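Okay, so here's the structure we're looking at.
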Amino acid sequence: MTQRVIDPFSGETVCELPKDTAADLETKLDAAVAAQRVWAELPVAERAARVGRALGWFRDHGEQVALDITRQMGKPIAQSRNELGGLFERAEHMLAIAEDALAPEVLPEKPGFERRIEHVPLGVVLDIAAWNYPLVITINVLVPALLAGNAVVVKHSERTPLCGRHFTQAFASLEPAGLVCDAILDHPDTARLVGDPRIDHVSFTGSVEGGRQVQSAARERFIDVGLELGGKDAAYLAEDADLETAVAGVVDGACYNAGQSCCGVERIYVPTDRLDEVVERARPLLEAYTLADPKLDDTTMGPLANPGALDLLEGQVAAAVQGGAQLLLGGARVERCFFPPTLVVGAADDSSLMRDESFGPIVAITPVTDDADALRRMNDSDLGLTASVWTADADRAEWFARRLDVGTVFQNRCDSLDPALPWTGVKNSGRGSTLSTHGFHHLTRRKSLHFKRS
């Protein structure tokens, strides 16, 4: 059995890789368990030094890695190179904070006793990574997991298996051998892997339905499952927003990576008296995108990675228009697997376009009466990953931040990630955290030491 990957732009076969057999998995899991026991004995500083050196593989092979991303899922080559930069930014931050984050917590002195809390590794971590950001989604878990003393099995998306293979190659220099490996599996075999007793933690990035399947596969086991399941992220351009900056920000937030971002902007709320200006500013920005071969440096929007997504996006737009929305730009597929930047105004709150994750380059703008109306609509979602408030008023931003039911609240930016902050969601956007000190804690368990010294 093999896994075949098709270039969404050319339709050509990118690669055809053999799927792991049951015997292959046995070998990889046994090696990971054995390697982890030795790796966990190393000081954190030594682990960090070795991981840092291993990351040099991505510098040496960066252009090939970027090209493989583009060929597998259609991301413009300039954005694939940017993602490689994001890999280093996140990894280097986690390397820098590892010793402090993983240091034992020493409790206040108590006569005759020593008390501390250790952060100990879990064992073998299964990192199930999505295709839309195949480097940074993986690195969010892989590097902190290694630094915390774990081994890692990477199960990459069926669309981007070469990226999983790249991580195996990059960390092959780590000793003991087998500390990092990738597995090429279909969904049923992945579910069986989740249930394997040698897997001590699962981190999954993908759809809500995929998260349910992973959680179900782990239901008989007492292990944590970290879930990052996407969003229907909202932006509010307040009365005092700098519209030149704000409109450019939310358009980019909606269209970067052809809208295939879990924290992409999918709902935009604007005061009624500023609606026309926002639309006028958004339209030329959307018209300026260059849809072409993603391997070309000047291409700014590539094809969708999943051809089936075209039906979803067209259906959402058509239903919104039937419900009274205005379609001002785009809305239907063009040649190959492209969906053009699309501008829709006034979609009903209960329409699929405003409720269900689109994962495409649609700018959906809705007028609101005031801040309270904007807040109500922003929170009216089953998903809660991020939200952005565009305002010059710090008090307004704080007011929204206290009341928005999301994992991250932005002021005057969106669709971004700071590795010093935990990446986390609420509601159907999942649970758990990656990155920051909390990302380490999610990949370790607490051990209490209670020593009577006299």
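Identifiers in this document derive from the order of the structure tokens: chains are assigned A, B, ..., residues are numbered from 1 separately in each chain, and ligands are numbered from 1 in order of occurrence.
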Determine which residues of range 177-311 of chain A receive a DSSP assignment of alpha helix (DSSP H), computed from the backbone, and state them as number ranges by chain.
-> A: 187-194, 208-217, 243-255, 275-287, 309-311
Please identify all polymer residues within 8 Å of range 121-136 of chain A, counting only C-alpha atoms, omitting same-chain residues fewer than 2 positions from it, and present them as a ChimeraX atom specification.
-> /A:32-33,36-37,40,69,73,83-84,86-87,90,119,138-142,145,148-160,163,194,198-206,257,260-261,443-445
Surrounding residues of Gly315 in chain A excluding itself and chain neighbours under 3 positions, 10 Å, only C-alpha atoms, as an MDAnalysis selection string | chainID A and resid 309:312 318:321 331:332 352:353
For the residues in that selection, give me C-alpha atoms as a JSON list (two decimals), in the first residue's frame.
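The resulting file, selection.json, is reproduced below:
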[["chain", "number", "residue", "atom", "x", "y", "z"],
["A", 309, "ALA", "CA", -13.32, 22.51, -0.67],
["A", 310, "LEU", "CA", -14.44, 24.30, -3.83],
["A", 311, "ASP", "CA", -17.94, 22.86, -3.48],
["A", 312, "LEU", "CA", -18.14, 23.97, 0.15],
["A", 318, "ALA", "CA", -24.55, 30.91, -2.93],
["A", 319, "ALA", "CA", -26.62, 30.22, 0.19],
["A", 320, "ALA", "CA", -25.58, 33.55, 1.73],
["A", 321, "VAL", "CA", -26.64, 35.42, -1.43],
["A", 331, "GLY", "CA", -17.64, 33.55, -5.29],
["A", 332, "ALA", "CA", -16.96, 30.79, -7.86],
["A", 352, "SER", "CA", -23.25, 28.64, 6.87],
["A", 353, "LEU", "CA", -20.88, 31.37, 5.70]]
Find the residues near Thr386 in chain A: any atom within 7 Å, counting only C-alpha atoms, skip ones fewer than 4 places away on the same chain, and give them as an NGL selection string.
-> :A and (233 or 263 or 406-409)
Selection near Gln72 in chain A, 9 Å with only C-alpha atoms, sequence-local residues under 6 positions removed, as a list in words = Val5, Ile6, Asp7, Pro8, Val14, Cys15, Trp131, Arg159, Thr160, Pro161, Leu162 and Ala305 of chain A
Which of range 116-268 of chain A counts as strand (DSSP E) under DSSP, as a ChimeraX atom specification please?
-> /A:116-121,124-129,151-156,180-182,201-205,225-228,233-237,265-268
Residue neighbourhood Lys110 in chain A, 12 Å, only C-alpha atoms, exclusion window fewer than 3 positions, as a list of chain:residue names =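 Selected residues are A:Val106, A:Leu107, A:Phe113, A:Glu114, A:Arg115, A:Arg116, A:His450, A:Phe451, A:Lys452, A:Arg453, A:Ser454.
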Go ahead and save the residues from that selection, with N, CA and C atoms, as a PDB file, in the first residue's frame.
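Ended up saving to result.pdb:
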ATOM      1  N   VAL A 106      10.526  24.813  43.561  1.00  0.00           N
ATOM      2  CA  VAL A 106      10.913  24.597  44.945  1.00  0.00           C
ATOM      3  C   VAL A 106       9.967  25.374  45.850  1.00  0.00           C
ATOM      4  N   LEU A 107       9.324  24.655  46.756  1.00  0.00           N
ATOM      5  CA  LEU A 107       8.346  25.291  47.641  1.00  0.00           C
ATOM      6  C   LEU A 107       9.047  26.030  48.774  1.00  0.00           C
ATOM      7  N   PHE A 113      12.082  19.592  56.137  1.00  0.00           N
ATOM      8  CA  PHE A 113      11.532  19.006  54.909  1.00  0.00           C
ATOM      9  C   PHE A 113      12.103  19.703  53.675  1.00  0.00           C
ATOM     10  N   GLU A 114      12.161  18.942  52.600  1.00  0.00           N
ATOM     11  CA  GLU A 114      12.416  19.506  51.278  1.00  0.00           C
ATOM     12  C   GLU A 114      11.242  19.124  50.391  1.00  0.00           C
ATOM     13  N   ARG A 115      10.655  20.127  49.742  1.00  0.00           N
ATOM     14  CA  ARG A 115       9.483  19.888  48.899  1.00  0.00           C
ATOM     15  C   ARG A 115       9.688  20.573  47.550  1.00  0.00           C
ATOM     16  N   ARG A 116       9.490  19.811  46.514  1.00  0.00           N
ATOM     17  CA  ARG A 116       9.577  20.428  45.188  1.00  0.00           C
ATOM     18  C   ARG A 116       8.685  19.661  44.212  1.00  0.00           C
ATOM     19  N   HIS A 450       8.475  14.900  48.367  1.00  0.00           N
ATOM     20  CA  HIS A 450       8.167  15.277  49.752  1.00  0.00           C
ATOM     21  C   HIS A 450       9.162  14.532  50.642  1.00  0.00           C
ATOM     22  N   PHE A 451      10.297  15.170  50.916  1.00  0.00           N
ATOM     23  CA  PHE A 451      11.401  14.529  51.629  1.00  0.00           C
ATOM     24  C   PHE A 451      11.466  15.044  53.058  1.00  0.00           C
ATOM     25  N   LYS A 452      11.486  14.135  53.993  1.00  0.00           N
ATOM     26  CA  LYS A 452      11.729  14.485  55.392  1.00  0.00           C
ATOM     27  C   LYS A 452      13.206  14.340  55.653  1.00  0.00           C
ATOM     28  N   ARG A 453      13.888  15.435  55.944  1.00  0.00           N
ATOM     29  CA  ARG A 453      15.335  15.451  56.046  1.00  0.00           C
ATOM     30  C   ARG A 453      15.844  15.262  57.475  1.00  0.00           C
ATOM     31  N   SER A 454      14.992  15.486  58.472  1.00  0.00           N
ATOM     32  CA  SER A 454      15.447  15.327  59.859  1.00  0.00           C
ATOM     33  C   SER A 454      14.250  15.007  60.752  1.00  0.00           C
TER      34      SER A 454
END
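From CA of Asp405 in chain A back to CA of Cys262 in chain A, the distance works out to 16.1 Å.
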Hey, what's within 9 Å of range 240-249 of chain A if we count only C-alpha atoms and toss same-chain stuff fewer than 4 positions away? As a list in words, please?
->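 Contacts, in chain order: Gly253, Ala254, Glu277, Val278, Val279, Arg281, Ala282, Leu285, Val389, Trp390, Thr391, Ala392, Asp393, Asn412, Arg413, Cys414 and Asp415 of chain A.
Distance-wise, CA of Phe440 in chain A and CA of Leu383 in chain A end up 24.6 Å apart.
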Each range 181-252 of chain A residue no farther than 9 Å from range 368-374 of chain A, nearest pair in Å, only C-alpha atoms, as JSON lines:
{"residue": "A:Tyr236", "atom": "CA", "partner": "A:Ala374", "partner_atom": "CA", "distance": 6.8}
{"residue": "A:Ala238", "atom": "CA", "partner": "A:Asp371", "partner_atom": "CA", "distance": 7.4}
{"residue": "A:Glu239", "atom": "CA", "partner": "A:Asp370", "partner_atom": "CA", "distance": 8.5}
Of the candidates A:Pro303, A:Pro340, A:Pro284, A:Pro18, which one gets nearest to Ala183 in chain A if we count only C-alpha atoms?
-> A:Pro18
Among listed residues A:Asp350, A:Glu228, A:Asp382, A:Asp297, nearest Thr434 in chain A (using only C-alpha atoms) = A:Glu228
If you measure from CA of Glu105 in chain A to CA of Leu227 in chain A, what distance in Å do you get, rounded to one decimal?
->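 Going from CA of Glu105 in chain A over to CA of Leu227 in chain A, I get 27.1 Å.
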Rank A:Glu266, A:Asp20, A:Glu280, A:Glu314 by their smallest atom-to-atom distance to Ser381 in chain A, using only C-alpha atoms, and report the top residue only.
->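 Closest residue, counting only C-alpha atoms: A:Glu266.
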Have a look at A:Leu229, A:Val250, A:Ala54, A:Leu193 and name the one nearest to Gly210 in chain A; count only C-alpha atoms.
-> A:Leu229
Of A:Glu92, A:Asp252, A:His166, A:Leu29, the one sitting nearest Asp60 in chain A when using only C-alpha atoms is A:His166
